[in-house]
2 protein chains.
Amino acid sequence: MKNVLHGRCIKCGKTFDAVTDLYACPLCSGIIEIEYDYDYIKHKINRETLAARRENSIWRYREFLPVKEESPPPGLRVGWTPLYPAQRLGAAIGLPRLYIKDDGFNPTSSMKDRASAIAIIKAKEGGFSVVACSSTGNAASSLAGGCAAEGLGAVIFVPRRAPQGKVAQLLIFGAKVVSVDGSYADTYHLSARAIQKWGWYNRNAAINPYLIEGKKTVALEIGEQLGFKAPDWVAISVGDGCSIAGVYKGFQDLYETGLIDRIPSLLSVQAEGCCPVNTAFLTGGELVPTAENTIADSIAVGEPRNPDKALHALRASNGAAVNVSDDEILDAMRMLGRNCGVFGEPAGTAALAGLRKAAANGLISPESAVVCIVTGNGLKDVQNGIKAAGDPLLIPPDMELLEQAFSVKKWI
Amino acid sequence: MKNVLHGRCIKCGKTFDAVTDLYACPLCSGIIEIEYDYDYIKHKINRETLAARRENSIWRYREFLPVKEESPPPGLRVGWTPLYPAQRLGAAIGLPRLYIKDDGFNPTSSMKDRASAIAIIKAKEGGFSVVACSSTGNAASSLAGGCAAEGLGAVIFVPRRAPQGKVAQLLIFGAKVVSVDGSYADTYHLSARAIQKWGWYNRNAAINPYLIEGKKTVALEIGEQLGFKAPDWVAISVGDGCSIAGVYKGFQDLYETGLIDRIPSLLSVQAEGCCPVNTAFLTGGELVPTAENTIADSIAVGEPRNPDKALHALRASNGAAVNVSDDEILDAMRMLGRNCGVFGEPAGTAALAGLRKAAANGLISPESAVVCIVTGNGLKDVQNGIKAAGDPLLIPPDMELLEQAFSVKKWI
């Protein structure tokens with residue numbers, strides 16, 4: 001990989017060759033960060049070369065990806081999701097320069113497809129035939145789908161609470177699915193032991209440094225879709241901490257290669273019932289594991305595996321943190337759907353709920369250009385969608401009854 | 001519209017100005033077909049101009065769309081869905097040159113987004129503020145999502161059996177939803193009366209001739225994605241008949257403008273429990289309404305509104321018809337997921353089940369280049385996904401129990 005220098009431990013600073021199965025630092029267990037030769041990349045890529053590319057997927061940013069030059073693209077079309085201007089919604093929450101990045105518009109309907117695509121390429125580069133992970137759901141379904149498309153095996157560990165839609169996806173994709181009767185932390189630990197025992201390729205995003213390199217493509221796209229004018233703020237919901245770290249890394253890549261002239265501030269949104277990263281950020285203390293009390297299953301991570309990179313992203317970007325209630329998340333789900341035609345899962349609309357709060361309390365000014373990343377499609381969690389949306393009007397096929405009902409509901 | 005000549009009744013042959021609210025023939029109630037000035041289009045568009053376009057949506061085919069030159073593009077990004085080569089799946093069903101067109105990869109996760117996009121543009125051209133339709137679910141959610149994105153009102157009539165995922169989408173998008181306690185035919189008739197009474201724009205695909213013009217974009221894309229080499233066969237599941245008619249129209253457009261040199265044969269796939277179009281085609285008789293007994297809710301249409309265009313598409317393309325059982329549909333859902341990483345809803349995988357049967361009985365030869373259109377995402381109907389996929393392995397977070405369970409299941 002001519003574009004990659006090495007992996008560097010973010011704790012002890014030691015560097016390591018960027019081999020396929022590079023996981024946590026063997027010296028201090030710190031998380032590894034992939035470092036690039038930005039001069040090399042700058043010679044390969046600029047605004048014009050990017051504009052000329054036809055690839056409408058993460059593959060348009062190949063020079064920014066830690067994959068071998070000869071590796072083929074992912075089997076599924078991942079990334080290049082729409083960035084919608086959202087004036088009406090923005091006006092409603094006091095941020096008229098709002099954009100919605102609909103990352104549910106991915107092959108298995110979540111942003112995690114970006115990370116899994118890289119994991120699968122790395123597994124193939126390393127000659128692995130099975131990839132495994134633990135996941136609250138989305139990472140799992142993205143891995144299972146991607147593996148199915150490439151003929152690789154997938155072993156998935158999910159906590160029992162994972163929504164039906166996500167589990168159905170896994171099984172349809174032919175993954176071996178272990179539903180763990182415990183918390184996400186229990187699930188993670190069991191998967192780690194099994195992966196070690198059976199020697200599968202490890203897709204756990206916090207321990208595999210290449211995963212964030214997939215997630216970062218969402219930021220590369222936002223940069224290009226806004227004409228390389230960095231927005232003032234980018235809001236994203238936070239669970240394990242890998243996604244916000246990926247967003248930061250993407251903007252850092254664009255900045256270091258001169259494609260944007262500043263890095264946006266990041267807004268970390270967590271659920272009130274599970275906000276260990278935000279608490280650590282706001283208090284400046286160590287991360288303390290918490291309970292996992294929220295409907296937003298994708299970010300219900302009481303013991304995040306990657307707080308270091310997430311906290312670094314927040315601090316280095318002059319970011320901020322906001323917690324939101326489940327009711328605020330459901331309210332944001334309705335607002336997003338009604339104003340934009342985008343159906344986000346609870347974790348996906350948490351970011352919007354956070355932005356609304358940040359605008360209301362003056363943390364983000366109305367002049368700001370703001371991007372809200374919707375990380376997953378609401379179809380993955382229909383039960384919560386129904387909770388947010390209410391019920392239809394049920395009537396027999398009779399015109400008179402219809403007129404009466406419409407009149408009662410004031411629909412006419 | 002410089003590219004459009006007029007609407008022509010396919011029954012009496014009379015032509016009409018292509019006004020916004022052109023519905024069925026006012027003389028004989030026949031269905032209207034939009035006819036184009038192909039010479040005009042040929043001067044505007046060719047393989048090279050298309051290849052140079054950056055629009056990765058239906059908007060790249062603007063000259064083929066019945067919309068005013070000044071109309072803005074749809075608010076949501078519709079179309080340009082992936083066409084995946086599917087050698088492994090193809091080999092498994094005896095059609096090694098198989099491609100999967102994943103049309104669940106649309107903003108509200110079904111092919112119906114293509115039709116709704118045109119309906120919404122026409123409604124705006126005509127100054128309407130509310131659009132209405134009846135639907136088994138997908139047309140409804142696509143209309144509701146598209147209207148939300150554009151600030152239009154949507155009134156939706158669905159049969160009570162519509163799956164939860166689809167209804168949740170509608171409500172999240174803020175549509176006024178009427179769940180009709182009756183068949184799809186009951187639902188359709190009630191919607192027709194309400195639309196007439198309250199003067200909404202009518203998105204019912206069988207009566208609104210512009211809708212098929214949206215659906216046809218799936219064929220325009222298939223043509224371009226295969227380098228303008230028409231495949232031998234294109235398989236699609238059939239309910240109301242509008243989708244297969246749209247596919248035919250798209251290939252006809254490509255053929256008439258010299259972009260492809262022949263029109264592929266179309267394979268109509270219906271469920272055994274609801275196959276009135278296939279029966280009419282195979283017997284050569286009139287269409288007889290039937291019951292609606294299938295899990296594939298999107299194609300459970302016992303009294304199709306558009307059999308004429310569907311039958312024309314089948315006959316004119318030297319097509320064929322195959323019926324499949326619900327078990328075959330679920331089996332195809334598993335095969336598609338496991339081999340391609342694509343999760344299709346039952347109606348979406350019915351086409352694959354039909355292809356498998358057509359290959360097995362020699363109707364389609366193994367040398368054929370074949371495209372299977374997957375019309376909707378399986379997340380819309382998780383219950384049937386679970387039916388197809390089975391259950392995960394549920395265990396406590398304990399390594400010894402995991403080893404035992406893996407050994408019993410022969411997963412290691």
# chains A, B, ... in the order shown; residues from 1 in each chain; ligands from 1
call {"tool": "select_by_dssp", "arguments": {"residues": "range 130-375 of chain A", "states": "helix (DSSP H, G or I)", "output": "ChimeraX atom specification"}}
result
/A:138-150,164-172,184-198,210-215,217-225,242-256,276-283,297-299,307-316,326-340,346-360
call {"tool": "interface_residues", "arguments": {"of": "chain B", "to": "chain A", "cutoff": "6 Å", "atoms": "only C-alpha atoms", "output": "PyMOL selection string"}}
result
chain B and resi 145-146+148-149+165+168+171-174+177-181+186+334+337-341+379+382+385-386+389+392-397
call {"tool": "atom_distance", "arguments": {"atom1": "CA of Gly273 in chain B", "atom2": "CA of Ile299 in chain B"}}
result
10.3 Å
call {"tool": "residues_around", "arguments": {"residues": "range 210-225 of chain B", "least_positions_apart": "6", "cutoff": "9 Å", "atoms": "only C-alpha atoms", "output": "VMD selection string"}}
result
chain B and resid 20 22 to 23 32 to 34 47 50 to 51 58 61 64 to 66 79 to 83 101 103 111 to 119 122 203 to 204 231 242 to 251 253 to 254 259 to 260 371 373
call {"tool": "residues_around", "arguments": {"residues": "Gly302 in chain A", "least_positions_apart": "4", "cutoff": "7 Å", "atoms": "only C-alpha atoms", "output": "ChimeraX atom specification"}}
result
/A:274,276,289-292
call {"tool": "residues_around", "arguments": {"residues": "Asp232 in chain B", "least_positions_apart": "3", "cutoff": "8 Å", "atoms": "only C-alpha atoms", "output": "PyMOL selection string"}}
result
chain B and resi 264-265+368-370
call {"tool": "write_last_selection", "arguments": {"atoms": "all heavy atoms", "output": "PDB file, in the first residue's frame"}}
result
ATOM      1  N   PRO B 264     -35.436  -7.262 -25.067  1.00  0.00           N
ATOM      2  CA  PRO B 264     -35.346  -8.564 -24.402  1.00  0.00           C
ATOM      3  C   PRO B 264     -36.721  -9.193 -24.218  1.00  0.00           C
ATOM      4  O   PRO B 264     -37.738  -8.491 -24.171  1.00  0.00           O
ATOM      5  CB  PRO B 264     -34.751  -8.238 -23.027  1.00  0.00           C
ATOM      6  CG  PRO B 264     -34.474  -6.793 -22.990  1.00  0.00           C
ATOM      7  CD  PRO B 264     -35.042  -6.139 -24.202  1.00  0.00           C
ATOM      8  N   SER B 265     -36.746 -10.505 -24.098  1.00  0.00           N
ATOM      9  CA  SER B 265     -37.991 -11.179 -23.743  1.00  0.00           C
ATOM     10  C   SER B 265     -38.249 -10.978 -22.257  1.00  0.00           C
ATOM     11  O   SER B 265     -37.321 -11.019 -21.449  1.00  0.00           O
ATOM     12  CB  SER B 265     -37.868 -12.687 -24.024  1.00  0.00           C
ATOM     13  OG  SER B 265     -37.707 -12.894 -25.409  1.00  0.00           O
ATOM     14  N   SER B 368     -28.280 -17.929 -21.829  1.00  0.00           N
ATOM     15  CA  SER B 368     -28.950 -16.622 -21.882  1.00  0.00           C
ATOM     16  C   SER B 368     -28.354 -15.633 -20.888  1.00  0.00           C
ATOM     17  O   SER B 368     -28.016 -15.981 -19.766  1.00  0.00           O
ATOM     18  CB  SER B 368     -30.441 -16.789 -21.552  1.00  0.00           C
ATOM     19  OG  SER B 368     -31.013 -17.788 -22.354  1.00  0.00           O
ATOM     20  N   ALA B 369     -28.250 -14.386 -21.328  1.00  0.00           N
ATOM     21  CA  ALA B 369     -27.955 -13.287 -20.405  1.00  0.00           C
ATOM     22  C   ALA B 369     -29.282 -12.857 -19.797  1.00  0.00           C
ATOM     23  O   ALA B 369     -30.220 -12.522 -20.528  1.00  0.00           O
ATOM     24  CB  ALA B 369     -27.302 -12.122 -21.142  1.00  0.00           C
ATOM     25  N   VAL B 370     -29.349 -12.892 -18.471  1.00  0.00           N
ATOM     26  CA  VAL B 370     -30.636 -12.741 -17.793  1.00  0.00           C
ATOM     27  C   VAL B 370     -30.535 -11.702 -16.686  1.00  0.00           C
ATOM     28  O   VAL B 370     -29.598 -11.725 -15.893  1.00  0.00           O
ATOM     29  CB  VAL B 370     -31.072 -14.087 -17.165  1.00  0.00           C
ATOM     30  CG1 VAL B 370     -32.384 -13.931 -16.425  1.00  0.00           C
ATOM     31  CG2 VAL B 370     -31.183 -15.162 -18.237  1.00  0.00           C
TER      32      VAL B 370
END
call {"tool": "closest_residue", "arguments": {"among": "A:Ile45, A:Val324, A:Ala18, A:Ala91", "to": "Glu63 in chain A", "atoms": "only C-alpha atoms"}}
result
A:Ile45
call {"tool": "atom_distance", "arguments": {"atom1": "CA of Ala321 in chain B", "atom2": "CA of Leu266 in chain B"}}
result
8.4 Å
call {"tool": "residues_around", "arguments": {"residues": "Lys14 in chain B", "least_positions_apart": "2", "cutoff": "10 Å", "atoms": "only C-alpha atoms", "output": "MDAnalysis selection string"}}
result
chainID B and resid 6:12 16 25:28 30 32
call {"tool": "write_last_selection", "arguments": {"atoms": "N, CA, C and O atoms", "output": "compact mmCIF listing (two decimals), in the first residue's frame"}}
result
# COMPACT_ATOMS: atom_id res chain seq x y z
N HIS B 6 -47.93 12.99 -27.63
CA HIS B 6 -49.31 13.00 -27.13
C HIS B 6 -49.53 11.73 -26.31
O HIS B 6 -48.63 10.89 -26.21
N GLY B 7 -50.73 11.60 -25.76
CA GLY B 7 -51.15 10.34 -25.17
C GLY B 7 -52.07 9.64 -26.16
O GLY B 7 -52.88 10.28 -26.81
N ARG B 8 -51.93 8.30 -26.26
CA ARG B 8 -52.80 7.57 -27.18
C ARG B 8 -53.51 6.46 -26.41
O ARG B 8 -52.88 5.71 -25.66
N CYS B 9 -54.82 6.37 -26.62
CA CYS B 9 -55.57 5.30 -25.97
C CYS B 9 -55.19 3.96 -26.60
O CYS B 9 -55.25 3.82 -27.83
N ILE B 10 -54.78 3.00 -25.78
CA ILE B 10 -54.36 1.73 -26.36
C ILE B 10 -55.56 0.88 -26.80
O ILE B 10 -55.40 -0.13 -27.45
N LYS B 11 -56.77 1.35 -26.48
CA LYS B 11 -57.97 0.60 -26.87
C LYS B 11 -58.56 1.16 -28.16
O LYS B 11 -58.68 0.44 -29.16
N CYS B 12 -58.87 2.48 -28.18
CA CYS B 12 -59.54 3.05 -29.35
C CYS B 12 -58.57 3.80 -30.27
O CYS B 12 -58.95 4.19 -31.38
N PHE B 16 -54.57 12.26 -27.42
CA PHE B 16 -54.96 13.38 -26.55
C PHE B 16 -53.72 14.20 -26.19
O PHE B 16 -52.62 13.64 -26.10
N CYS B 25 -58.83 7.05 -21.01
CA CYS B 25 -59.46 7.62 -22.20
C CYS B 25 -60.88 8.09 -21.89
O CYS B 25 -61.71 7.30 -21.42
N PRO B 26 -61.18 9.37 -22.15
CA PRO B 26 -62.53 9.86 -21.86
C PRO B 26 -63.59 9.26 -22.79
O PRO B 26 -64.78 9.31 -22.48
N LEU B 27 -63.16 8.66 -23.89
CA LEU B 27 -64.13 8.10 -24.84
C LEU B 27 -64.47 6.65 -24.52
O LEU B 27 -65.63 6.26 -24.52
N CYS B 28 -63.43 5.85 -24.23
CA CYS B 28 -63.70 4.40 -24.08
C CYS B 28 -63.13 3.84 -22.79
O CYS B 28 -63.13 2.61 -22.59
N GLY B 30 -60.22 3.35 -22.02
CA GLY B 30 -58.97 2.60 -22.23
C GLY B 30 -57.80 3.30 -21.55
O GLY B 30 -57.88 4.47 -21.16
N ILE B 32 -54.16 5.01 -21.34
CA ILE B 32 -53.43 5.89 -22.25
C ILE B 32 -51.94 5.54 -22.24
O ILE B 32 -51.38 5.19 -21.20
call {"tool": "residues_around", "arguments": {"residues": "Ser325 in chain A", "least_positions_apart": "5", "cutoff": "9 Å", "atoms": "only C-alpha atoms", "output": "ChimeraX atom specification"}}
result
/A:270-273,294,330,350,353
call {"tool": "atom_distance", "arguments": {"atom1": "CA of Thr49 in chain B", "atom2": "CA of Ile236 in chain B"}}
result
29.0 Å
call {"tool": "select_by_dssp", "arguments": {"residues": "range 66-196 of chain A", "states": "strand (DSSP E)", "output": "MDAnalysis selection string"}}
result
chainID A and resid 83:85 98:102 130:134 153:159 176:180
